[in-house]
file target.cif (mmCIF, N, CA and C atoms)
data_run
loop_
_atom_site.label_atom_id
_atom_site.label_comp_id
_atom_site.auth_asym_id
_atom_site.auth_seq_id
_atom_site.Cartn_x
_atom_site.Cartn_y
_atom_site.Cartn_z
N GLN C 1 -6.62 -10.95 -23.03
CA GLN C 1 -7.68 -10.45 -22.15
C GLN C 1 -7.50 -11.01 -20.74
N ILE C 2 -7.58 -10.13 -19.82
CA ILE C 2 -7.35 -10.46 -18.40
C ILE C 2 -8.65 -11.02 -17.81
N THR C 3 -8.58 -12.15 -17.17
CA THR C 3 -9.76 -12.65 -16.47
C THR C 3 -9.84 -11.86 -15.18
N GLU C 4 -10.74 -10.92 -15.18
CA GLU C 4 -10.81 -9.89 -14.15
C GLU C 4 -10.45 -10.37 -12.74
N ASP C 5 -11.31 -11.15 -12.14
CA ASP C 5 -11.12 -11.52 -10.74
C ASP C 5 -9.76 -12.14 -10.49
N ASN C 6 -9.46 -13.18 -11.22
CA ASN C 6 -8.23 -13.92 -11.01
C ASN C 6 -7.00 -13.03 -11.04
N GLU C 7 -6.83 -12.28 -12.10
CA GLU C 7 -5.63 -11.46 -12.27
C GLU C 7 -5.60 -10.28 -11.29
N ILE C 8 -6.72 -9.66 -11.11
CA ILE C 8 -6.77 -8.51 -10.21
C ILE C 8 -6.48 -8.94 -8.78
N TYR C 9 -7.00 -10.09 -8.39
CA TYR C 9 -6.71 -10.59 -7.04
C TYR C 9 -5.24 -10.99 -6.91
N ARG C 10 -4.63 -11.43 -8.00
CA ARG C 10 -3.19 -11.71 -7.97
C ARG C 10 -2.40 -10.46 -7.68
N VAL C 11 -2.80 -9.37 -8.30
CA VAL C 11 -2.13 -8.09 -8.06
C VAL C 11 -2.37 -7.64 -6.62
N LYS C 12 -3.60 -7.73 -6.16
CA LYS C 12 -3.95 -7.35 -4.78
C LYS C 12 -3.15 -8.16 -3.78
N ASN C 13 -3.10 -9.48 -3.99
CA ASN C 13 -2.35 -10.34 -3.08
C ASN C 13 -0.85 -10.04 -3.11
N TYR C 14 -0.35 -9.73 -4.29
CA TYR C 14 1.06 -9.37 -4.43
C TYR C 14 1.36 -8.12 -3.61
N ILE C 15 0.50 -7.13 -3.71
CA ILE C 15 0.67 -5.89 -2.94
C ILE C 15 0.66 -6.20 -1.45
N GLU C 16 -0.28 -7.00 -1.02
CA GLU C 16 -0.40 -7.33 0.41
C GLU C 16 0.81 -8.11 0.92
N GLU C 17 1.39 -8.91 0.06
CA GLU C 17 2.52 -9.73 0.48
C GLU C 17 3.86 -8.99 0.43
N TYR C 18 4.01 -8.10 -0.56
CA TYR C 18 5.31 -7.45 -0.77
C TYR C 18 5.26 -5.93 -0.61
N TYR C 19 4.28 -5.42 0.14
CA TYR C 19 4.09 -3.97 0.30
C TYR C 19 5.37 -3.25 0.74
N TYR C 20 6.23 -3.92 1.47
CA TYR C 20 7.44 -3.28 2.03
C TYR C 20 8.52 -3.08 0.96
N ASN C 21 8.35 -3.71 -0.21
CA ASN C 21 9.30 -3.51 -1.31
C ASN C 21 8.96 -2.24 -2.08
N ASP C 22 9.88 -1.83 -2.92
CA ASP C 22 9.66 -0.66 -3.77
C ASP C 22 8.86 -1.11 -5.00
N ILE C 23 7.56 -1.23 -4.84
CA ILE C 23 6.70 -1.75 -5.92
C ILE C 23 6.34 -0.63 -6.89
N THR C 24 6.51 -0.92 -8.17
CA THR C 24 6.14 0.06 -9.20
C THR C 24 4.92 -0.46 -9.97
N LEU C 25 4.27 0.45 -10.67
CA LEU C 25 3.14 0.06 -11.51
C LEU C 25 3.62 -0.92 -12.59
N LYS C 26 4.81 -0.69 -13.10
CA LYS C 26 5.35 -1.58 -14.12
C LYS C 26 5.49 -3.00 -13.59
N GLU C 27 5.95 -3.12 -12.37
CA GLU C 27 6.09 -4.43 -11.74
C GLU C 27 4.72 -5.13 -11.65
N LEU C 28 3.70 -4.40 -11.27
CA LEU C 28 2.35 -4.97 -11.17
C LEU C 28 1.83 -5.39 -12.54
N VAL C 29 2.10 -4.56 -13.54
CA VAL C 29 1.70 -4.86 -14.91
C VAL C 29 2.38 -6.15 -15.39
N ASP C 30 3.65 -6.30 -15.04
CA ASP C 30 4.42 -7.48 -15.45
C ASP C 30 3.88 -8.78 -14.83
N ILE C 31 3.23 -8.68 -13.71
CA ILE C 31 2.65 -9.86 -13.05
C ILE C 31 1.50 -10.42 -13.87
N VAL C 32 0.70 -9.53 -14.43
CA VAL C 32 -0.52 -9.97 -15.13
C VAL C 32 -0.47 -9.78 -16.65
N PHE C 33 0.63 -9.26 -17.15
CA PHE C 33 0.82 -9.14 -18.61
C PHE C 33 -0.27 -8.36 -19.32
N VAL C 34 -0.65 -7.21 -18.76
CA VAL C 34 -1.60 -6.32 -19.44
C VAL C 34 -1.00 -4.92 -19.41
N ASN C 35 -1.57 -4.01 -20.22
CA ASN C 35 -1.04 -2.65 -20.15
C ASN C 35 -1.53 -1.96 -18.87
N LYS C 36 -0.80 -0.92 -18.49
CA LYS C 36 -1.07 -0.30 -17.19
C LYS C 36 -2.46 0.31 -17.11
N TYR C 37 -2.97 0.85 -18.22
CA TYR C 37 -4.30 1.46 -18.19
C TYR C 37 -5.36 0.40 -17.92
N HIS C 38 -5.19 -0.76 -18.52
CA HIS C 38 -6.15 -1.85 -18.30
C HIS C 38 -6.09 -2.32 -16.85
N LEU C 39 -4.88 -2.45 -16.34
CA LEU C 39 -4.72 -2.88 -14.94
C LEU C 39 -5.38 -1.88 -13.99
N ILE C 40 -5.08 -0.62 -14.17
CA ILE C 40 -5.65 0.41 -13.28
C ILE C 40 -7.18 0.41 -13.37
N HIS C 41 -7.69 0.35 -14.59
CA HIS C 41 -9.15 0.34 -14.79
C HIS C 41 -9.79 -0.87 -14.12
N SER C 42 -9.24 -2.05 -14.36
CA SER C 42 -9.80 -3.28 -13.80
C SER C 42 -9.71 -3.29 -12.28
N PHE C 43 -8.59 -2.84 -11.76
CA PHE C 43 -8.40 -2.82 -10.30
C PHE C 43 -9.40 -1.85 -9.66
N LYS C 44 -9.51 -0.67 -10.28
CA LYS C 44 -10.45 0.34 -9.76
C LYS C 44 -11.88 -0.17 -9.81
N LYS C 45 -12.21 -0.85 -10.91
CA LYS C 45 -13.56 -1.38 -11.07
C LYS C 45 -13.86 -2.40 -9.96
N GLN C 46 -12.88 -3.21 -9.65
CA GLN C 46 -13.05 -4.26 -8.65
C GLN C 46 -13.04 -3.72 -7.21
N PHE C 47 -12.11 -2.80 -6.91
CA PHE C 47 -11.89 -2.39 -5.52
C PHE C 47 -12.16 -0.91 -5.25
N ASN C 48 -12.56 -0.16 -6.27
CA ASN C 48 -12.85 1.27 -6.10
C ASN C 48 -11.63 2.10 -5.70
N ILE C 49 -10.45 1.64 -6.07
CA ILE C 49 -9.21 2.31 -5.69
C ILE C 49 -8.14 1.89 -6.69
N SER C 50 -7.20 2.76 -6.97
CA SER C 50 -6.12 2.39 -7.90
C SER C 50 -5.14 1.46 -7.19
N PRO C 51 -4.40 0.65 -7.95
CA PRO C 51 -3.45 -0.27 -7.31
C PRO C 51 -2.40 0.46 -6.48
N MET C 52 -1.91 1.60 -6.96
CA MET C 52 -0.87 2.30 -6.21
C MET C 52 -1.44 2.96 -4.95
N HIS C 53 -2.68 3.41 -5.02
CA HIS C 53 -3.31 3.96 -3.81
C HIS C 53 -3.57 2.82 -2.81
N TYR C 54 -3.95 1.68 -3.33
CA TYR C 54 -4.15 0.51 -2.46
C TYR C 54 -2.84 0.16 -1.75
N LEU C 55 -1.73 0.22 -2.48
CA LEU C 55 -0.41 -0.04 -1.89
C LEU C 55 -0.16 0.92 -0.73
N THR C 56 -0.47 2.19 -0.93
CA THR C 56 -0.29 3.18 0.14
C THR C 56 -1.14 2.83 1.35
N ILE C 57 -2.40 2.45 1.12
CA ILE C 57 -3.31 2.10 2.21
C ILE C 57 -2.78 0.89 2.99
N VAL C 58 -2.32 -0.13 2.28
CA VAL C 58 -1.77 -1.32 2.93
C VAL C 58 -0.57 -0.92 3.79
N ARG C 59 0.31 -0.09 3.24
CA ARG C 59 1.49 0.35 3.98
C ARG C 59 1.10 1.13 5.24
N ILE C 60 0.14 2.02 5.10
CA ILE C 60 -0.30 2.84 6.24
C ILE C 60 -0.93 1.95 7.32
N ASN C 61 -1.72 0.97 6.90
CA ASN C 61 -2.33 0.06 7.88
C ASN C 61 -1.28 -0.75 8.63
N ARG C 62 -0.24 -1.19 7.93
CA ARG C 62 0.85 -1.91 8.60
C ARG C 62 1.58 -0.97 9.55
N ALA C 63 1.76 0.27 9.13
CA ALA C 63 2.43 1.27 9.96
C ALA C 63 1.62 1.53 11.24
N LYS C 64 0.30 1.61 11.12
CA LYS C 64 -0.55 1.82 12.30
C LYS C 64 -0.31 0.72 13.32
N ASP C 65 -0.23 -0.51 12.85
CA ASP C 65 0.08 -1.65 13.72
C ASP C 65 1.40 -1.46 14.45
N LEU C 66 2.43 -1.14 13.68
CA LEU C 66 3.76 -0.98 14.26
C LEU C 66 3.82 0.21 15.22
N LEU C 67 3.10 1.25 14.91
CA LEU C 67 3.08 2.42 15.80
C LEU C 67 2.48 2.08 17.16
N THR C 68 1.47 1.24 17.18
CA THR C 68 0.81 0.93 18.45
C THR C 68 1.46 -0.25 19.18
N LYS C 69 2.13 -1.14 18.44
CA LYS C 69 2.63 -2.36 19.06
C LYS C 69 4.15 -2.43 19.25
N THR C 70 4.88 -1.42 18.75
CA THR C 70 6.33 -1.46 18.88
C THR C 70 6.85 -0.11 19.37
N GLU C 71 8.11 -0.10 19.74
CA GLU C 71 8.78 1.14 20.14
C GLU C 71 9.64 1.68 19.00
N MET C 72 9.52 1.09 17.80
CA MET C 72 10.32 1.52 16.67
C MET C 72 10.12 3.00 16.39
N SER C 73 11.17 3.66 15.92
CA SER C 73 11.03 5.07 15.56
C SER C 73 10.15 5.19 14.32
N ILE C 74 9.63 6.37 14.10
CA ILE C 74 8.77 6.61 12.94
C ILE C 74 9.56 6.42 11.65
N ALA C 75 10.82 6.84 11.64
CA ALA C 75 11.67 6.64 10.46
C ALA C 75 11.87 5.15 10.18
N GLU C 76 12.09 4.36 11.24
CA GLU C 76 12.25 2.90 11.07
C GLU C 76 10.97 2.28 10.52
N ILE C 77 9.85 2.69 11.06
CA ILE C 77 8.56 2.17 10.61
C ILE C 77 8.34 2.53 9.15
N ALA C 78 8.64 3.77 8.79
CA ALA C 78 8.49 4.22 7.40
C ALA C 78 9.25 3.27 6.47
N THR C 79 10.50 3.00 6.80
CA THR C 79 11.34 2.12 5.98
C THR C 79 10.78 0.70 5.96
N LYS C 80 10.37 0.22 7.12
CA LYS C 80 9.89 -1.16 7.23
C LYS C 80 8.63 -1.40 6.39
N VAL C 81 7.79 -0.39 6.24
CA VAL C 81 6.56 -0.57 5.46
C VAL C 81 6.70 -0.14 4.00
N GLY C 82 7.91 0.26 3.59
CA GLY C 82 8.15 0.49 2.17
C GLY C 82 8.30 1.94 1.72
N PHE C 83 8.32 2.87 2.66
CA PHE C 83 8.56 4.27 2.29
C PHE C 83 10.04 4.55 2.49
N ASN C 84 10.72 5.07 1.46
CA ASN C 84 12.14 5.36 1.68
C ASN C 84 12.38 6.79 2.13
N ASN C 85 11.30 7.54 2.35
CA ASN C 85 11.43 8.90 2.83
C ASN C 85 10.45 9.11 3.99
N PRO C 86 10.97 9.30 5.22
CA PRO C 86 10.09 9.45 6.39
C PRO C 86 9.15 10.65 6.30
N VAL C 87 9.60 11.72 5.64
CA VAL C 87 8.75 12.91 5.50
C VAL C 87 7.56 12.59 4.60
N TYR C 88 7.84 11.92 3.48
CA TYR C 88 6.77 11.51 2.57
C TYR C 88 5.82 10.54 3.28
N PHE C 89 6.38 9.63 4.06
CA PHE C 89 5.57 8.69 4.85
C PHE C 89 4.61 9.46 5.76
N ALA C 90 5.14 10.43 6.48
CA ALA C 90 4.31 11.21 7.42
C ALA C 90 3.21 11.96 6.67
N GLU C 91 3.54 12.51 5.50
CA GLU C 91 2.53 13.21 4.69
C GLU C 91 1.43 12.26 4.25
N GLN C 92 1.82 11.09 3.74
CA GLN C 92 0.83 10.11 3.30
C GLN C 92 0.00 9.59 4.46
N PHE C 93 0.64 9.36 5.59
CA PHE C 93 -0.06 8.89 6.78
C PHE C 93 -1.13 9.90 7.18
N LYS C 94 -0.73 11.17 7.23
CA LYS C 94 -1.68 12.21 7.62
C LYS C 94 -2.82 12.33 6.62
N LYS C 95 -2.50 12.20 5.33
CA LYS C 95 -3.52 12.28 4.30
C LYS C 95 -4.56 11.16 4.46
N VAL C 96 -4.09 9.95 4.77
CA VAL C 96 -4.97 8.78 4.88
C VAL C 96 -5.68 8.72 6.24
N ILE C 97 -4.95 8.95 7.31
CA ILE C 97 -5.48 8.76 8.66
C ILE C 97 -6.04 10.05 9.26
N GLY C 98 -5.51 11.19 8.82
CA GLY C 98 -6.02 12.46 9.33
C GLY C 98 -5.17 13.05 10.44
N THR C 99 -4.12 12.36 10.81
CA THR C 99 -3.21 12.85 11.84
C THR C 99 -1.81 12.32 11.56
N THR C 100 -0.82 12.89 12.22
CA THR C 100 0.56 12.46 11.98
C THR C 100 0.84 11.12 12.68
N PRO C 101 1.87 10.41 12.25
CA PRO C 101 2.22 9.15 12.91
C PRO C 101 2.50 9.32 14.40
N SER C 102 3.18 10.40 14.77
CA SER C 102 3.51 10.57 16.20
C SER C 102 2.26 10.84 17.04
N ILE C 103 1.36 11.64 16.51
CA ILE C 103 0.11 11.88 17.25
C ILE C 103 -0.73 10.61 17.30
N TYR C 104 -0.76 9.89 16.18
CA TYR C 104 -1.51 8.61 16.15
C TYR C 104 -0.97 7.68 17.24
N ARG C 105 0.35 7.57 17.33
CA ARG C 105 0.97 6.69 18.35
C ARG C 105 0.57 7.15 19.74
N LYS C 106 0.63 8.44 19.96
CA LYS C 106 0.33 8.99 21.28
C LYS C 106 -1.12 8.67 21.68
N ILE C 107 -2.07 8.90 20.78
CA ILE C 107 -3.48 8.69 21.16
C ILE C 107 -3.88 7.22 21.20
N THR C 108 -3.13 6.34 20.53
CA THR C 108 -3.52 4.93 20.54
C THR C 108 -2.76 4.12 21.59
N THR C 109 -1.78 4.72 22.24
CA THR C 109 -1.02 3.95 23.23
C THR C 109 -1.16 4.53 24.63
N GLU C 110 -2.01 5.53 24.79
CA GLU C 110 -2.20 6.11 26.13
C GLU C 110 -3.04 5.21 27.00
#
call {"tool": "encode", "arguments": {"input": "target.cif", "output": "structure tokens"}}
result
Amino acid sequence: QITEDNEIYRVKNYIEEYYYNDITLKELVDIVFVNKYHLIHSFKKQFNISPMHYLTIVRINRAKDLLTKTEMSIAEIATKVGFNNPVYFAEQFKKVIGTTPSIYRKITTE
């Protein structure tokens, strides 16, 4: 039995620390030694979001930072925050933020 807070926060912290890696649900499950359904349920109960969606949000937030504070290309930023496909990165960014990475950069750096 997983001690909710402790284990779930371990997963959350792991995501925040290693978001740029290719993190899988299996990897997260291996950290806390529970089945994936239990992990997803407990994480959702605690944070109102699935662990993999949380990973996407963390990556997008880091990308927002890089878009406004660096001159890195969007493809470089995508890779740096853990997306191995810039097109998929742009789709996820738009889904979460409501605009494309290039438009976001333009409106936040003017």
call {"tool": "atom_distance", "arguments": {"input": "target.cif", "atom1": "atom C of Ala90 (chain C)", "atom2": "atom C of Arg62 (chain C)"}}
result
13.3 Å
call {"tool": "atom_distance", "arguments": {"input": "target.cif", "atom1": "atom C of Val81 (chain C)", "atom2": "atom N of Asn21 (chain C)"}}
result
5.8 Å
call {"tool": "residues_around", "arguments": {"input": "target.cif", "residues": "Thr109 (chain C)", "least_positions_apart": "5", "cutoff": "8 Å", "atoms": "only N, CA and C atoms", "output": "ChimeraX atom specification"}}
result
/C:67-69,103-104
call {"tool": "closest_residue", "arguments": {"input": "target.cif", "among": "C:Phe33, C:Pro51, C:Leu25, C:Asn61", "to": "Asn13 (chain C)", "atoms": "only C-alpha atoms"}}
result
C:Pro51
call {"tool": "residues_around", "arguments": {"input": "target.cif", "residues": "Pro101 (chain C)", "least_positions_apart": "6", "cutoff": "8 Å", "atoms": "all atoms listed in the file", "output": "ChimeraX atom specification"}}
result
/C:63-64,67,74,89-91,93-94,107
call {"tool": "atom_distance", "arguments": {"input": "target.cif", "atom1": "atom N of Asn35 (chain C)", "atom2": "atom N of Val96 (chain C)"}}
result
28.7 Å
call {"tool": "residues_near_point", "arguments": {"input": "target.cif", "point": "(-9.7, -6.3, -9.0)", "cutoff": "6 Å", "atoms": "only C-alpha atoms", "output": "mmCIF file with N, CA and C atoms, in the coordinates of the input"}}
result
data_model
loop_
_atom_site.group_PDB
_atom_site.id
_atom_site.type_symbol
_atom_site.label_atom_id
_atom_site.label_comp_id
_atom_site.auth_asym_id
_atom_site.auth_seq_id
_atom_site.Cartn_x
_atom_site.Cartn_y
_atom_site.Cartn_z
ATOM 1 N N ASP C 5 -11.310 -11.150 -12.140
ATOM 2 C CA ASP C 5 -11.120 -11.520 -10.740
ATOM 3 C C ASP C 5 -9.760 -12.140 -10.490
ATOM 4 N N ILE C 8 -6.720 -9.660 -11.110
ATOM 5 C CA ILE C 8 -6.770 -8.510 -10.210
ATOM 6 C C ILE C 8 -6.480 -8.940 -8.780
ATOM 7 N N TYR C 9 -7.000 -10.090 -8.390
ATOM 8 C CA TYR C 9 -6.710 -10.590 -7.040
ATOM 9 C C TYR C 9 -5.240 -10.990 -6.910
ATOM 10 N N SER C 42 -9.240 -2.050 -14.360
ATOM 11 C CA SER C 42 -9.800 -3.280 -13.800
ATOM 12 C C SER C 42 -9.710 -3.290 -12.280
ATOM 13 N N PHE C 43 -8.590 -2.840 -11.760
ATOM 14 C CA PHE C 43 -8.400 -2.820 -10.300
ATOM 15 C C PHE C 43 -9.400 -1.850 -9.660
ATOM 16 N N GLN C 46 -12.880 -3.210 -9.650
ATOM 17 C CA GLN C 46 -13.050 -4.260 -8.650
ATOM 18 C C GLN C 46 -13.040 -3.720 -7.210
ATOM 19 N N PHE C 47 -12.110 -2.800 -6.910
ATOM 20 C CA PHE C 47 -11.890 -2.390 -5.520
ATOM 21 C C PHE C 47 -12.160 -0.910 -5.250
#
call {"tool": "select_by_dssp", "arguments": {"input": "target.cif", "residues": "region 1-107 of chain C", "states": "helix (DSSP H, G or I)", "output": "ChimeraX atom specification"}}
result
/C:4-18,25-32,36-47,51-69,74-80,86-97,101-107
call {"tool": "closest_residue", "arguments": {"input": "target.cif", "among": "C:Val11, C:Ala78, C:Met72, C:Ile49", "to": "Val29 (chain C)", "atoms": "all atoms listed in the file"}}
result
C:Val11
call {"tool": "closest_residue", "arguments": {"input": "target.cif", "among": "C:Arg59, C:Tyr18, C:Ser50, C:Ser102", "to": "Ser73 (chain C)", "atoms": "only C-alpha atoms"}}
result
C:Ser102
call {"tool": "closest_residue", "arguments": {"input": "target.cif", "among": "C:Leu66, C:Leu55, C:Ile60, C:Ile77", "to": "Ile97 (chain C)", "atoms": "only C-alpha atoms"}}
result
C:Ile60
call {"tool": "residues_near_point", "arguments": {"input": "target.cif", "point": "(11.4, 2.3, 1.7)", "cutoff": "10 Å", "atoms": "only C-alpha atoms", "output": "ChimeraX atom specification"}}
result
/C:19-23,75-86,89
call {"tool": "decode", "arguments": {"input": "target.cif", "residues": "region 2-96 of chain C", "atoms": "C-alpha atoms", "output": "short mmCIF file (atom, residue, chain, number, x, y, z; two decimals), in the first residue's frame"}}
result
data_model
loop_
_atom_site.label_atom_id
_atom_site.label_comp_id
_atom_site.auth_asym_id
_atom_site.auth_seq_id
_atom_site.Cartn_x
_atom_site.Cartn_y
_atom_site.Cartn_z
CA ILE C 2 1.32 3.36 -1.07
CA THR C 3 1.44 6.08 1.56
CA GLU C 4 -0.37 8.59 -0.58
CA ASP C 5 1.37 11.89 0.06
CA ASN C 6 4.89 10.60 0.39
CA GLU C 7 4.94 8.43 -2.72
CA ILE C 8 2.87 10.72 -4.90
CA TYR C 9 5.10 13.67 -4.05
CA ARG C 10 8.11 11.52 -4.93
CA VAL C 11 6.65 10.99 -8.37
CA LYS C 12 5.78 14.70 -8.71
CA ASN C 13 9.29 15.73 -7.66
CA TYR C 14 10.82 13.20 -10.03
CA ILE C 15 8.81 14.67 -12.91
CA GLU C 16 9.86 18.20 -11.97
CA GLU C 17 13.51 17.22 -11.75
CA TYR C 18 13.81 14.99 -14.82
CA TYR C 19 11.08 16.38 -17.13
CA TYR C 20 13.61 16.73 -19.98
CA ASN C 21 14.18 12.94 -20.06
CA ASP C 22 11.99 10.49 -21.92
CA ILE C 23 9.87 9.61 -18.88
CA THR C 24 7.42 6.74 -19.21
CA LEU C 25 4.55 5.71 -16.96
CA LYS C 26 6.44 2.49 -16.29
CA GLU C 27 9.41 4.47 -15.03
CA LEU C 28 7.15 6.40 -12.62
CA VAL C 29 5.54 3.16 -11.45
CA ASP C 30 8.99 1.69 -10.79
CA ILE C 31 9.84 4.61 -8.49
CA VAL C 32 6.98 3.85 -6.11
CA PHE C 33 6.47 0.11 -6.69
CA VAL C 34 2.72 0.20 -7.35
CA ASN C 35 0.68 -0.72 -10.39
CA LYS C 36 0.05 2.00 -12.93
CA TYR C 37 -3.69 2.24 -12.26
CA HIS C 38 -3.05 2.88 -8.58
CA LEU C 39 -0.41 5.48 -9.38
CA ILE C 40 -2.65 7.32 -11.84
CA HIS C 41 -5.61 7.22 -9.45
CA SER C 42 -3.58 8.43 -6.46
CA PHE C 43 -1.84 11.16 -8.45
CA LYS C 44 -5.14 12.36 -9.91
CA LYS C 45 -6.74 12.33 -6.48
CA GLN C 46 -3.91 14.44 -5.08
CA PHE C 47 -3.32 16.89 -7.96
CA ASN C 48 -6.44 16.64 -10.16
CA ILE C 49 -4.28 15.66 -13.14
CA SER C 50 -2.68 12.46 -14.42
CA PRO C 51 1.09 12.06 -13.98
CA MET C 52 1.72 12.08 -17.72
CA HIS C 53 -0.41 15.19 -18.23
CA TYR C 54 1.47 16.81 -15.36
CA LEU C 55 4.73 15.96 -17.17
CA THR C 56 3.42 17.75 -20.26
CA ILE C 57 2.45 20.81 -18.20
CA VAL C 58 5.88 20.96 -16.55
CA ARG C 59 7.56 20.70 -19.96
CA ILE C 60 5.36 23.42 -21.45
CA ASN C 61 6.03 25.74 -18.50
CA ARG C 62 9.79 25.26 -18.91
CA ALA C 63 9.38 25.89 -22.64
CA LYS C 64 7.51 29.16 -21.94
CA ASP C 65 10.51 30.29 -19.90
CA LEU C 66 12.96 29.42 -22.64
CA LEU C 67 10.82 31.05 -25.32
CA THR C 68 10.82 34.38 -23.49
CA LYS C 69 14.35 34.32 -22.06
CA THR C 70 16.47 32.77 -24.83
CA GLU C 71 17.03 32.99 -28.56
CA MET C 72 16.95 29.19 -28.91
CA SER C 73 14.98 27.84 -31.84
CA ILE C 74 11.63 26.22 -31.16
CA ALA C 75 13.03 22.84 -32.23
CA GLU C 76 15.94 23.25 -29.75
CA ILE C 77 13.53 24.20 -26.97
CA ALA C 78 11.31 21.22 -27.78
CA THR C 79 14.29 18.88 -27.40
CA LYS C 80 15.59 20.62 -24.29
CA VAL C 81 12.28 20.20 -22.45
CA GLY C 82 11.86 16.55 -23.40
CA PHE C 83 9.88 16.45 -26.64
CA ASN C 84 11.67 14.53 -29.38
CA ASN C 85 9.30 15.81 -32.05
CA PRO C 86 9.00 19.61 -32.58
CA VAL C 87 5.63 19.23 -34.34
CA TYR C 88 4.19 17.26 -31.42
CA PHE C 89 5.69 19.86 -29.06
CA ALA C 90 3.95 22.68 -30.94
CA GLU C 91 0.63 20.77 -30.87
CA GLN C 92 0.89 20.16 -27.12
CA PHE C 93 1.97 23.74 -26.49
CA LYS C 94 -1.03 25.07 -28.40
CA LYS C 95 -3.37 22.67 -26.61
CA VAL C 96 -2.13 23.80 -23.17
#
